[in-house]
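Pasting entry-v2.pdb here (PDB, C-alpha atoms):
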ATOM      1  CA  MET A 332      -9.245  45.907  46.548
ATOM      2  CA  ARG A 333      -8.355  47.064  43.051
ATOM      3  CA  GLU A 334      -5.215  44.951  43.121
ATOM      4  CA  LEU A 335      -7.248  41.883  44.087
ATOM      5  CA  LEU A 336      -9.749  42.536  41.316
ATOM      6  CA  ARG A 337      -6.931  42.995  38.815
ATOM      7  CA  LYS A 338      -5.317  39.693  39.817
ATOM      8  CA  ASN A 339      -8.638  37.859  39.626
ATOM      9  CA  TRP A 340      -9.305  39.371  36.213
ATOM     10  CA  LEU A 341      -5.909  38.254  34.978
ATOM     11  CA  LYS A 342      -6.570  34.728  36.235
ATOM     12  CA  ILE A 343      -9.883  34.653  34.384
ATOM     13  CA  VAL A 344      -8.219  35.808  31.154
ATOM     14  CA  VAL A 345      -5.451  33.217  31.463
ATOM     15  CA  VAL A 346      -7.934  30.406  32.144
ATOM     16  CA  PHE A 347     -10.091  31.527  29.215
ATOM     17  CA  VAL A 348      -7.115  31.534  26.838
ATOM     18  CA  LEU A 349      -5.983  28.097  28.019
ATOM     19  CA  VAL A 350      -9.474  26.649  27.606
ATOM     20  CA  LEU A 351      -9.725  28.192  24.139
ATOM     21  CA  LEU A 352      -6.387  26.683  23.111
ATOM     22  CA  VAL A 353      -7.440  23.259  24.364
ATOM     23  CA  LEU A 354     -10.714  23.465  22.453
ATOM     24  CA  ILE A 355      -8.884  24.452  19.281
ATOM     25  CA  PHE A 356      -6.316  21.666  19.669
ATOM     26  CA  VAL A 357      -8.936  19.006  20.410
ATOM     27  CA  GLY A 358     -11.624  20.224  18.053
ATOM     28  CA  LEU A 359      -9.609  21.115  14.948
ATOM     29  CA  PRO A 360      -8.990  17.525  13.778
ATOM     30  CA  TYR A 361     -12.694  16.729  14.055
ATOM     31  CA  PHE A 362     -13.604  19.943  12.236
ATOM     32  CA  ASN A 363     -11.139  19.119   9.478
ATOM     33  CA  SER A 364     -12.517  15.604   9.212
ATOM     34  CA  ALA A 365     -16.096  16.852   9.025
ATOM     35  CA  ALA A 366     -15.160  19.535   6.487
ATOM     36  CA  GLY A 367     -13.297  17.092   4.260
ATOM     37  CA  PRO A 368     -12.660  17.222   0.527
ATOM     38  CA  ASP A 369     -15.605  17.584  -1.832
ATOM     39  CA  ASN A 370     -15.333  14.637  -4.205
ATOM     40  CA  ASP A 371     -18.937  14.745  -5.363
ATOM     41  CA  ASN A 372     -18.638  17.386  -8.060
ATOM     42  CA  GLU A 373     -16.728  15.281 -10.579
ATOM     43  CA  GLU A 374     -18.557  12.718 -12.675
ATOM     44  CA  VAL A 375     -16.984   9.267 -12.632
ATOM     45  CA  ASN A 376     -17.425   7.134 -15.750
ATOM     46  CA  ALA A 377     -17.303   3.350 -15.705
ATOM     47  CA  ASP A 378     -14.146   3.310 -17.852
ATOM     48  CA  ASP A 379     -12.245   5.886 -15.777
ATOM     49  CA  THR A 380      -9.153   4.847 -13.843
ATOM     50  CA  ARG A 381      -9.956   5.743 -10.253
ATOM     51  CA  ILE A 382      -7.105   7.105  -8.149
ATOM     52  CA  ALA A 383      -7.424   7.558  -4.388
ATOM     53  CA  ALA A 384      -5.053  10.053  -2.758
ATOM     54  CA  ILE A 385      -4.651   9.058   0.894
ATOM     55  CA  GLY A 386      -2.969  11.531   3.229
ATOM     56  CA  ASP A 387      -3.057  14.241   5.859
ATOM     57  CA  SER A 388      -3.035  18.047   5.570
ATOM     58  CA  ILE A 389      -0.246  17.871   2.975
ATOM     59  CA  THR A 390      -2.863  16.205   0.755
ATOM     60  CA  TYR A 391      -5.869  18.177   1.990
ATOM     61  CA  ASP A 392      -4.485  21.453   3.282
ATOM     62  CA  LEU A 393      -6.798  23.828   5.137
ATOM     63  CA  TYR A 394      -3.911  26.065   6.188
ATOM     64  CA  VAL A 395      -2.092  27.368   3.114
ATOM     65  CA  ALA A 396      -4.099  26.556  -0.020
ATOM     66  CA  ALA A 397      -6.785  29.021  -1.073
ATOM     67  CA  SER A 398      -9.123  26.439  -2.620
ATOM     68  CA  GLU A 399      -9.469  22.721  -3.295
ATOM     69  CA  ASP A 400      -8.230  23.347  -6.836
ATOM     70  CA  ASP A 401      -4.808  24.086  -5.306
ATOM     71  CA  PHE A 402      -4.430  20.672  -3.650
ATOM     72  CA  TYR A 403      -2.127  18.226  -5.407
ATOM     73  CA  PRO A 404      -4.846  15.585  -6.120
ATOM     74  CA  GLN A 405      -6.910  18.080  -8.115
ATOM     75  CA  GLN A 406      -3.833  19.289  -9.982
ATOM     76  CA  LEU A 407      -2.894  15.658 -10.661
ATOM     77  CA  ASP A 408      -6.404  15.063 -11.991
ATOM     78  CA  ASP A 409      -5.941  17.998 -14.374
ATOM     79  CA  LEU A 410      -2.565  16.684 -15.559
ATOM     80  CA  LEU A 411      -3.857  13.179 -16.241
ATOM     81  CA  GLY A 412      -6.906  14.438 -18.121
ATOM     82  CA  ASP A 413      -9.691  12.316 -19.558
ATOM     83  CA  GLY A 414      -9.815   8.692 -18.527
ATOM     84  CA  TYR A 415      -8.630   9.337 -14.981
ATOM     85  CA  VAL A 416     -10.421  10.510 -11.865
ATOM     86  CA  VAL A 417      -8.407  11.503  -8.793
ATOM     87  CA  HIS A 418     -10.256  11.855  -5.509
ATOM     88  CA  ASN A 419      -8.777  13.548  -2.480
ATOM     89  CA  PHE A 420      -9.126  11.569   0.766
ATOM     90  CA  GLY A 421      -6.727  13.614   2.858
ATOM     91  CA  VAL A 422      -7.608  14.510   6.459
ATOM     92  CA  SER A 423      -5.710  17.158   8.385
ATOM     93  CA  ASN A 424      -3.792  16.116  11.515
ATOM     94  CA  TYR A 425      -4.288  12.361  11.100
ATOM     95  CA  ALA A 426      -1.583   9.696  11.178
ATOM     96  CA  ALA A 427      -0.941   6.239   9.746
ATOM     97  CA  GLN A 428      -0.596   4.474  13.086
ATOM     98  CA  SER A 429      -3.671   3.039  14.759
ATOM     99  CA  SER A 430      -2.072   3.861  18.135
ATOM    100  CA  SER A 431      -1.680   7.567  17.289
ATOM    101  CA  ASP A 432      -3.769  10.357  18.751
ATOM    102  CA  PHE A 433      -5.730  10.626  15.500
ATOM    103  CA  PRO A 434      -5.570   7.411  13.412
ATOM    104  CA  TYR A 435      -6.462   7.819   9.750
ATOM    105  CA  GLU A 436      -8.458   4.576   9.814
ATOM    106  CA  THR A 437     -11.025   6.206  12.128
ATOM    107  CA  THR A 438     -11.971   8.923   9.626
ATOM    108  CA  GLU A 439     -14.947   9.121   7.329
ATOM    109  CA  GLU A 440     -12.583   9.807   4.432
ATOM    110  CA  TYR A 441     -10.848   6.461   5.047
ATOM    111  CA  GLN A 442     -14.116   4.583   4.639
ATOM    112  CA  LYS A 443     -15.003   6.677   1.598
ATOM    113  CA  SER A 444     -11.640   5.828   0.037
ATOM    114  CA  LEU A 445     -12.416   2.113   0.373
ATOM    115  CA  ASP A 446     -15.939   2.547  -1.003
ATOM    116  CA  PHE A 447     -14.478   4.456  -3.956
ATOM    117  CA  ASN A 448     -13.049   1.116  -5.206
ATOM    118  CA  PRO A 449      -9.878   2.716  -6.568
ATOM    119  CA  GLU A 450      -7.623   1.107  -9.122
ATOM    120  CA  ILE A 451      -4.597   3.146  -8.040
ATOM    121  CA  VAL A 452      -3.919   4.171  -4.439
ATOM    122  CA  ILE A 453      -1.397   6.833  -3.424
ATOM    123  CA  ILE A 454      -0.534   6.768   0.282
ATOM    124  CA  MET A 455       1.442   9.702   1.700
ATOM    125  CA  LEU A 456       1.193   9.572   5.477
ATOM    126  CA  GLY A 457       3.701   9.792   8.292
ATOM    127  CA  THR A 458       4.202  13.461   9.089
ATOM    128  CA  ASN A 459       1.878  13.407  12.105
ATOM    129  CA  ASP A 460       3.319  10.074  13.208
ATOM    130  CA  THR A 461       6.562  11.891  14.069
ATOM    131  CA  LYS A 462       4.960  13.713  17.001
ATOM    132  CA  ALA A 463       6.398  12.738  20.373
ATOM    133  CA  THR A 464       2.892  11.699  21.423
ATOM    134  CA  ASN A 465       2.753   9.223  18.503
ATOM    135  CA  TRP A 466       6.288   8.084  17.713
ATOM    136  CA  ASP A 467       7.483   4.953  19.496
ATOM    137  CA  GLY A 468      10.118   3.840  17.020
ATOM    138  CA  SER A 469      10.365   2.658  13.418
ATOM    139  CA  GLU A 470       9.271  -0.911  14.151
ATOM    140  CA  GLN A 471       5.916   0.087  15.594
ATOM    141  CA  PHE A 472       5.377   2.594  12.805
ATOM    142  CA  LYS A 473       6.161  -0.087  10.238
ATOM    143  CA  GLU A 474       3.808  -2.629  11.807
ATOM    144  CA  GLU A 475       0.860  -0.261  11.972
ATOM    145  CA  TYR A 476       1.602   1.295   8.580
ATOM    146  CA  ILE A 477       1.408  -2.198   7.073
ATOM    147  CA  GLU A 478      -1.912  -2.821   8.802
ATOM    148  CA  LEU A 479      -3.343   0.250   7.072
ATOM    149  CA  LEU A 480      -1.729  -0.663   3.768
ATOM    150  CA  GLU A 481      -3.232  -4.139   3.793
ATOM    151  CA  THR A 482      -6.759  -2.750   3.927
ATOM    152  CA  TYR A 483      -6.136  -1.289   0.466
ATOM    153  CA  GLN A 484      -4.314  -4.361  -0.807
ATOM    154  CA  ASN A 485      -7.405  -6.386   0.080
ATOM    155  CA  LEU A 486      -9.566  -4.360  -2.302
ATOM    156  CA  SER A 487     -10.228  -6.376  -5.451
ATOM    157  CA  SER A 488     -10.321  -3.175  -7.512
ATOM    158  CA  VAL A 489      -6.732  -2.161  -6.692
ATOM    159  CA  SER A 490      -4.047  -2.891  -9.263
ATOM    160  CA  ARG A 491      -1.377  -0.393  -8.172
ATOM    161  CA  ILE A 492      -0.350   1.070  -4.834
ATOM    162  CA  ILE A 493       2.141   3.928  -4.697
ATOM    163  CA  LEU A 494       3.771   4.507  -1.322
ATOM    164  CA  ALA A 495       5.230   7.978  -0.884
ATOM    165  CA  SER A 496       7.451   9.326   1.835
ATOM    166  CA  PRO A 497       6.207  12.658   3.198
ATOM    167  CA  PRO A 498       8.196  15.798   2.356
ATOM    168  CA  PRO A 499      10.692  17.166   4.883
ATOM    169  CA  ALA A 500       9.443  19.378   7.700
ATOM    170  CA  PHE A 501      11.130  22.753   7.370
ATOM    171  CA  ILE A 502      10.784  23.772  11.002
ATOM    172  CA  ASP A 503      13.271  24.357  13.801
ATOM    173  CA  ASN A 504      13.692  21.109  15.695
ATOM    174  CA  GLU A 505      15.039  22.943  18.744
ATOM    175  CA  VAL A 506      11.745  24.686  19.413
ATOM    176  CA  THR A 507       9.636  21.563  18.968
ATOM    177  CA  ILE A 508       7.133  21.142  21.805
ATOM    178  CA  SER A 509       5.282  18.041  22.941
ATOM    179  CA  GLY A 510       2.662  17.082  20.385
ATOM    180  CA  SER A 511       4.312  18.861  17.469
ATOM    181  CA  ILE A 512       5.886  17.413  14.340
ATOM    182  CA  ASP A 513       9.513  16.360  14.755
ATOM    183  CA  PRO A 514      11.544  17.068  11.582
ATOM    184  CA  GLY A 515      14.356  14.870  12.868
ATOM    185  CA  VAL A 516      12.148  11.774  12.697
ATOM    186  CA  MET A 517      11.003  12.423   9.125
ATOM    187  CA  VAL A 518      13.964  10.532   7.665
ATOM    188  CA  ASN A 519      13.021   7.487   9.792
ATOM    189  CA  VAL A 520       9.542   7.631   8.312
ATOM    190  CA  ARG A 521      11.004   7.937   4.839
ATOM    191  CA  ASP A 522      13.292   4.916   5.309
ATOM    192  CA  THR A 523      10.480   2.806   6.771
ATOM    193  CA  VAL A 524       8.044   3.589   3.952
ATOM    194  CA  GLU A 525      10.699   2.626   1.388
ATOM    195  CA  GLU A 526      11.401  -0.574   3.313
ATOM    196  CA  VAL A 527       7.706  -1.500   3.265
ATOM    197  CA  ALA A 528       7.470  -0.740  -0.462
ATOM    198  CA  ASN A 529      10.424  -3.027  -1.158
ATOM    199  CA  GLU A 530       9.081  -5.836   1.026
ATOM    200  CA  PHE A 531       5.668  -5.757  -0.654
ATOM    201  CA  ASP A 532       7.076  -5.083  -4.140
ATOM    202  CA  LEU A 533       5.170  -1.815  -4.413
ATOM    203  CA  GLU A 534       6.015   1.458  -6.124
ATOM    204  CA  PHE A 535       7.874   3.990  -3.987
ATOM    205  CA  VAL A 536       8.080   7.736  -4.545
ATOM    206  CA  ASP A 537      10.712   9.501  -2.473
ATOM    207  CA  VAL A 538       8.966  12.831  -1.950
ATOM    208  CA  TYR A 539      11.289  13.494   0.988
ATOM    209  CA  GLU A 540      14.321  13.418  -1.289
ATOM    210  CA  LYS A 541      12.660  15.299  -4.147
ATOM    211  CA  MET A 542      11.524  18.131  -1.863
ATOM    212  CA  THR A 543      14.728  18.417   0.175
ATOM    213  CA  GLY A 544      16.137  21.904  -0.334
ATOM    214  CA  HIS A 545      12.811  23.344  -1.487
ATOM    215  CA  SER A 546      11.515  25.095   1.600
ATOM    216  CA  GLU A 547      10.096  27.811  -0.685
ATOM    217  CA  TYR A 548       7.198  25.453  -1.450
ATOM    218  CA  PHE A 549       6.212  25.254   2.229
ATOM    219  CA  PRO A 550       5.388  28.713   3.654
ATOM    220  CA  ASP A 551       4.746  27.405   7.172
ATOM    221  CA  GLY A 552       7.390  24.688   6.967
ATOM    222  CA  ILE A 553       4.856  21.843   6.672
ATOM    223  CA  HIS A 554       2.079  22.555   4.174
ATOM    224  CA  PRO A 555       2.706  23.118   0.458
ATOM    225  CA  ASP A 556       1.432  26.226  -1.272
ATOM    226  CA  GLU A 557      -0.076  26.085  -4.764
ATOM    227  CA  GLU A 558       3.343  25.786  -6.398
ATOM    228  CA  GLY A 559       4.402  23.089  -3.960
ATOM    229  CA  SER A 560       1.208  21.155  -4.610
ATOM    230  CA  ALA A 561       1.830  21.537  -8.353
ATOM    231  CA  GLU A 562       5.269  20.005  -7.850
ATOM    232  CA  LEU A 563       3.748  17.109  -5.912
ATOM    233  CA  ALA A 564       1.170  16.596  -8.652
ATOM    234  CA  ASP A 565       3.912  16.485 -11.279
ATOM    235  CA  ILE A 566       5.926  13.965  -9.239
ATOM    236  CA  PHE A 567       2.960  11.597  -9.013
ATOM    237  CA  TYR A 568       1.979  12.245 -12.628
ATOM    238  CA  GLN A 569       5.407  11.124 -13.809
ATOM    239  CA  GLN A 570       5.209   8.034 -11.624
ATOM    240  CA  ILE A 571       1.775   7.036 -12.871
ATOM    241  CA  VAL A 572       2.487   7.678 -16.553
ATOM    242  CA  ASP A 573       6.033   6.278 -16.661
ATOM    243  CA  GLU A 574       5.081   3.042 -14.893
ATOM    244  CA  ALA A 575       2.035   2.617 -17.110
ATOM    245  CA  ASP A 576       4.121   2.757 -20.308
TER     246      ASP A 576
END
Show this structure as C-alpha cells.
Amino acid sequence: MRELLRKNWLKIVVVFVLVLLVLIFVGLPYFNSAAGPDNDNEEVNADDTRIAAIGDSITYDLYVAASEDDFYPQQLDDLLGDGYVVHNFGVSNYAAQSSSDFPYETTEEYQKSLDFNPEIVIIMLGTNDTKATNWDGSEQFKEEYIELLETYQNLSSVSRIILASPPPAFIDNEVTISGSIDPGVMVNVRDTVEEVANEFDLEFVDVYEKMTGHSEYFPDGIHPDEEGSAELADIFYQQIVDEAD
C-alpha cells in the first residue's frame, strides 16, 4: 500500500512539474510583452530626432539587466544627449518571421514603434528565428524579414534604417534542444541581414562580427549584461554619429 501511494505521489509531482514548465514556456512571452519597456517617462520635444530600437530580449532584457537603465537603448540615449530620444521597443522571445512561434509584428510594442513615428529605426532581430521550431532556411527568413522591414520603410517619418545582425550565441550547440536558440544558424541570420541591407541600400551594423570573441559580455550566453549593453550602445552611437557627419 505504501509503495502504491509513493508511486502515485511521484506521478503527481512529475505531472505538476511538467505542467508548471509548460505554463512558464507558454506564458513567459506574453508576460514579457505585457511588461514591456517604459517609454513614457521621457519627454519628447518636437525637434528631437526620434530613434526606435526594435528587437528581442537582447534589446529589452528581463534576464540579466538589473534595470531599464542598463539596456542598450537607454545607454544610447545617454550617449547621444540632447536632441535625440531613443525608445526601447524590444520584446523578449519574439522573432522577425511572421511564421515563427512568436512574431514581433503581433506585439503591442510593434504597434507602438510605428505610432512613435521614428526618424531612425534600428532593427536587431533574428536570434529567436534560429530555433528549430522557427528556422526553415535563409530564403524564408529573408522574405519575412523584408515584410517586417517594409512596414517601417512605409512610414513617412523614417529617414534612416539601420539593420543589425544579432550577436553570436555563446552556448553549446551540442546540447541544443527543440525550441532553443541554435548558435550554428546565427551566421546565416547575419549573412541574410547584410544581404537585405545591401539590396535595399540601407545601413548595416555587423554586431555578430563585433561581438565575436566577447562572451564575457553575455553571462548566460545570449543576453548582454550592463557592460555588454554599453558596448552595443557605443556601436550604434558610432554608426549614428559617423553617418550623420
Write out as JSON, numbers by chain which residues come within 8 Å of region 498-501 of chain A when counting only C-alpha atoms, dropping same-chain ones fewer than 6 positions away.
-> {"A": [512, 513, 514, 517, 518, 538, 539, 540, 541, 542, 543, 546, 549, 551, 552, 553]}
Where does the PyMOL selection byres ((chain A and resi 419-431) around 6) land in this file, that is, which residues does it pick, as a list of chain:residue names?
->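 So the PyMOL selection byres ((chain A and resi 419-431) around 6), applied here, picks out A:Pro360, A:Asn363, A:Ser364, A:Ala384, A:Ile385, A:Gly386, A:Asp387, A:Ser388, A:Thr390, A:Tyr391, A:Pro404, A:His418, A:Asp432, A:Phe433, A:Pro434, A:Tyr435, A:Glu440, A:Leu456, A:Asn459, A:Asp460, A:Asn465, A:Glu475, A:Tyr476.
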Atom pair CA of Ile477 (chain A) + CA of Arg381 (chain A), distance 22.2 Å
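Of the residues under consideration (A:Glu534, A:Glu450, A:Asp522, A:Asp556), A:Glu450 shows the shortest atom-to-atom contact distance to Ile382 (chain A) when counting only C-alpha atoms.
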Using only C-alpha atoms, which of the listed residues (A:Thr437, A:Thr523, A:Gln406, A:Thr461) sits closest to Ile566 (chain A)?
->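 Ranking A:Thr437, A:Thr523, A:Gln406, A:Thr461 by distance to Ile566 (chain A), first place goes to A:Gln406.
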What does the distance between CA of Met455 (chain A) and CA of Glu525 (chain A) come to in Å, to one decimal place?
->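 Atom-to-atom, CA of Met455 (chain A) to CA of Glu525 (chain A), that is 11.7 Å.
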When the PyMOL selection byres ((chain A and resi 559) around 9) is applied to the file above, which residues end up in the set, as a list in words?
->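 Checking the PyMOL selection byres ((chain A and resi 559) around 9) against this file, the residues are Tyr403, Met542, His545, Glu547, Tyr548, Phe549, His554, Pro555, Asp556, Glu557, Glu558, Ser560, Ala561, Glu562, Leu563 and Ala564 of chain A.
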In Å, how far is it from CA of Leu410 (chain A) to CA of Arg521 (chain A)?
->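 So the two atoms, CA of Leu410 (chain A) and CA of Arg521 (chain A), lie 26.0 Å apart.
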Who sits within 10 Å of Arg491 (chain A), only C-alpha atoms, same chain under 5 positions skipped, as a list in words |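 Surrounding residues, per the criterion: Ile382, Pro449, Glu450, Ile451, Val452, Ile453, Tyr483, Gln484, Leu533, Glu534, Ile571 and Glu574 of chain A.
Candidate residues A:Phe472, A:Leu479, A:Asp400, A:Phe535 were compared for distance to Gln442 (chain A), and the nearest is A:Leu479, using all atoms listed in the file.
Shortest atom-to-atom contact with Gln570 (chain A) among A:Ile502, A:Ser487, A:Val524, A:Leu411: A:Leu411, counting only C-alpha atoms.
Of the residues listed (A:Gln405, A:Gln471, A:Asn448, A:Gln569), A:Asn448 shows the shortest atom-to-atom separation from Ser490 (chain A); distances use all atoms listed in the file.
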Grab all the atoms of region 436-448 of chain A that the file lists, wrap them in a box along x, y and z, add 4 Å per side, and give me centre plus edge lengths in Å (one decimal) as AutoDock Vina command-line options.
--center_x -12.2 --center_y 5.5 --center_z 3.5 --size_x 15.5 --size_y 16.7 --size_z 25.3
Starting from the block above, write region 457-468 of chain A out to a file with all heavy atoms, as a JSON list (two decimals), in the first residue's frame, please.
[["chain", "number", "residue", "atom", "x", "y", "z"],
["A", 457, "GLY", "N", 16.43, 38.30, -34.97],
["A", 457, "GLY", "CA", 16.93, 37.11, -35.66],
["A", 457, "GLY", "C", 17.37, 35.99, -34.74],
["A", 457, "GLY", "O", 17.42, 34.83, -35.15],
["A", 458, "THR", "N", 17.69, 36.33, -33.50],
["A", 458, "THR", "CA", 18.16, 35.31, -32.56],
["A", 458, "THR", "C", 17.11, 34.22, -32.37],
["A", 458, "THR", "O", 17.41, 33.02, -32.46],
["A", 458, "THR", "CB", 18.53, 35.95, -31.21],
["A", 458, "THR", "OG1", 19.60, 36.88, -31.41],
["A", 458, "THR", "CG2", 18.98, 34.88, -30.22],
["A", 459, "ASN", "N", 15.87, 34.62, -32.11],
["A", 459, "ASN", "CA", 14.81, 33.63, -31.87],
["A", 459, "ASN", "C", 14.35, 32.95, -33.16],
["A", 459, "ASN", "O", 13.69, 31.91, -33.10],
["A", 459, "ASN", "CB", 13.63, 34.29, -31.16],
["A", 459, "ASN", "CG", 13.99, 34.73, -29.75],
["A", 459, "ASN", "OD1", 14.47, 33.95, -28.94],
["A", 459, "ASN", "ND2", 13.79, 36.00, -29.46],
["A", 460, "ASP", "N", 14.69, 33.53, -34.30],
["A", 460, "ASP", "CA", 14.38, 32.89, -35.57],
["A", 460, "ASP", "C", 15.21, 31.64, -35.80],
["A", 460, "ASP", "O", 14.87, 30.80, -36.64],
["A", 460, "ASP", "CB", 14.60, 33.87, -36.73],
["A", 460, "ASP", "CG", 13.62, 35.03, -36.70],
["A", 460, "ASP", "OD1", 12.53, 34.90, -37.29],
["A", 460, "ASP", "OD2", 13.93, 36.07, -36.09],
["A", 461, "THR", "N", 16.33, 31.50, -35.07],
["A", 461, "THR", "CA", 17.21, 30.35, -35.28],
["A", 461, "THR", "C", 16.69, 29.08, -34.62],
["A", 461, "THR", "O", 17.25, 28.00, -34.85],
["A", 461, "THR", "CB", 18.62, 30.63, -34.72],
["A", 461, "THR", "OG1", 18.58, 30.69, -33.28],
["A", 461, "THR", "CG2", 19.19, 31.94, -35.27],
["A", 462, "LYS", "N", 15.65, 29.18, -33.81],
["A", 462, "LYS", "CA", 15.11, 27.99, -33.16],
["A", 462, "LYS", "C", 14.62, 26.99, -34.22],
["A", 462, "LYS", "O", 14.10, 27.38, -35.27],
["A", 462, "LYS", "CB", 13.95, 28.36, -32.25],
["A", 462, "LYS", "CG", 14.32, 29.28, -31.10],
["A", 462, "LYS", "CD", 13.09, 29.70, -30.32],
["A", 462, "LYS", "CE", 13.43, 30.64, -29.19],
["A", 462, "LYS", "NZ", 12.22, 31.08, -28.45],
["A", 463, "ALA", "N", 14.78, 25.72, -33.92],
["A", 463, "ALA", "CA", 14.36, 24.68, -34.86],
["A", 463, "ALA", "C", 12.88, 24.78, -35.18],
["A", 463, "ALA", "O", 12.45, 24.44, -36.29],
["A", 463, "ALA", "CB", 14.67, 23.30, -34.28],
["A", 464, "THR", "N", 12.09, 25.29, -34.24],
["A", 464, "THR", "CA", 10.66, 25.45, -34.46],
["A", 464, "THR", "C", 10.35, 26.61, -35.40],
["A", 464, "THR", "O", 9.23, 26.71, -35.91],
["A", 464, "THR", "CB", 9.94, 25.70, -33.13],
["A", 464, "THR", "OG1", 10.61, 26.75, -32.40],
["A", 464, "THR", "CG2", 9.94, 24.44, -32.27],
["A", 465, "ASN", "N", 11.33, 27.50, -35.64],
["A", 465, "ASN", "CA", 11.12, 28.68, -36.47],
["A", 465, "ASN", "C", 11.91, 28.67, -37.77],
["A", 465, "ASN", "O", 11.47, 29.23, -38.78],
["A", 465, "ASN", "CB", 11.50, 29.95, -35.69],
["A", 465, "ASN", "CG", 10.58, 30.21, -34.52],
["A", 465, "ASN", "OD1", 9.42, 29.79, -34.52],
["A", 465, "ASN", "ND2", 11.09, 30.89, -33.51],
["A", 466, "TRP", "N", 13.09, 28.07, -37.74],
["A", 466, "TRP", "CA", 14.01, 28.20, -38.88],
["A", 466, "TRP", "C", 13.67, 27.20, -39.99],
["A", 466, "TRP", "O", 13.64, 26.00, -39.77],
["A", 466, "TRP", "CB", 15.45, 27.99, -38.43],
["A", 466, "TRP", "CG", 16.45, 28.28, -39.52],
["A", 466, "TRP", "CD1", 17.14, 27.39, -40.27],
["A", 466, "TRP", "CD2", 16.87, 29.58, -39.96],
["A", 466, "TRP", "NE1", 17.96, 28.03, -41.17],
["A", 466, "TRP", "CE2", 17.81, 29.39, -40.99],
["A", 466, "TRP", "CE3", 16.53, 30.88, -39.59],
["A", 466, "TRP", "CZ2", 18.42, 30.44, -41.66],
["A", 466, "TRP", "CZ3", 17.14, 31.94, -40.25],
["A", 466, "TRP", "CH2", 18.08, 31.72, -41.27],
["A", 467, "ASP", "N", 13.40, 27.75, -41.18],
["A", 467, "ASP", "CA", 13.12, 26.91, -42.34],
["A", 467, "ASP", "C", 13.97, 27.37, -43.52],
["A", 467, "ASP", "O", 13.54, 27.29, -44.67],
["A", 467, "ASP", "CB", 11.63, 26.96, -42.69],
["A", 467, "ASP", "CG", 11.23, 25.84, -43.64],
["A", 467, "ASP", "OD1", 11.90, 24.79, -43.64],
["A", 467, "ASP", "OD2", 10.26, 26.04, -44.40],
["A", 468, "GLY", "N", 15.15, 27.88, -43.21],
["A", 468, "GLY", "CA", 16.08, 28.27, -44.26],
["A", 468, "GLY", "C", 16.20, 29.78, -44.42],
["A", 468, "GLY", "O", 15.32, 30.55, -44.01]]
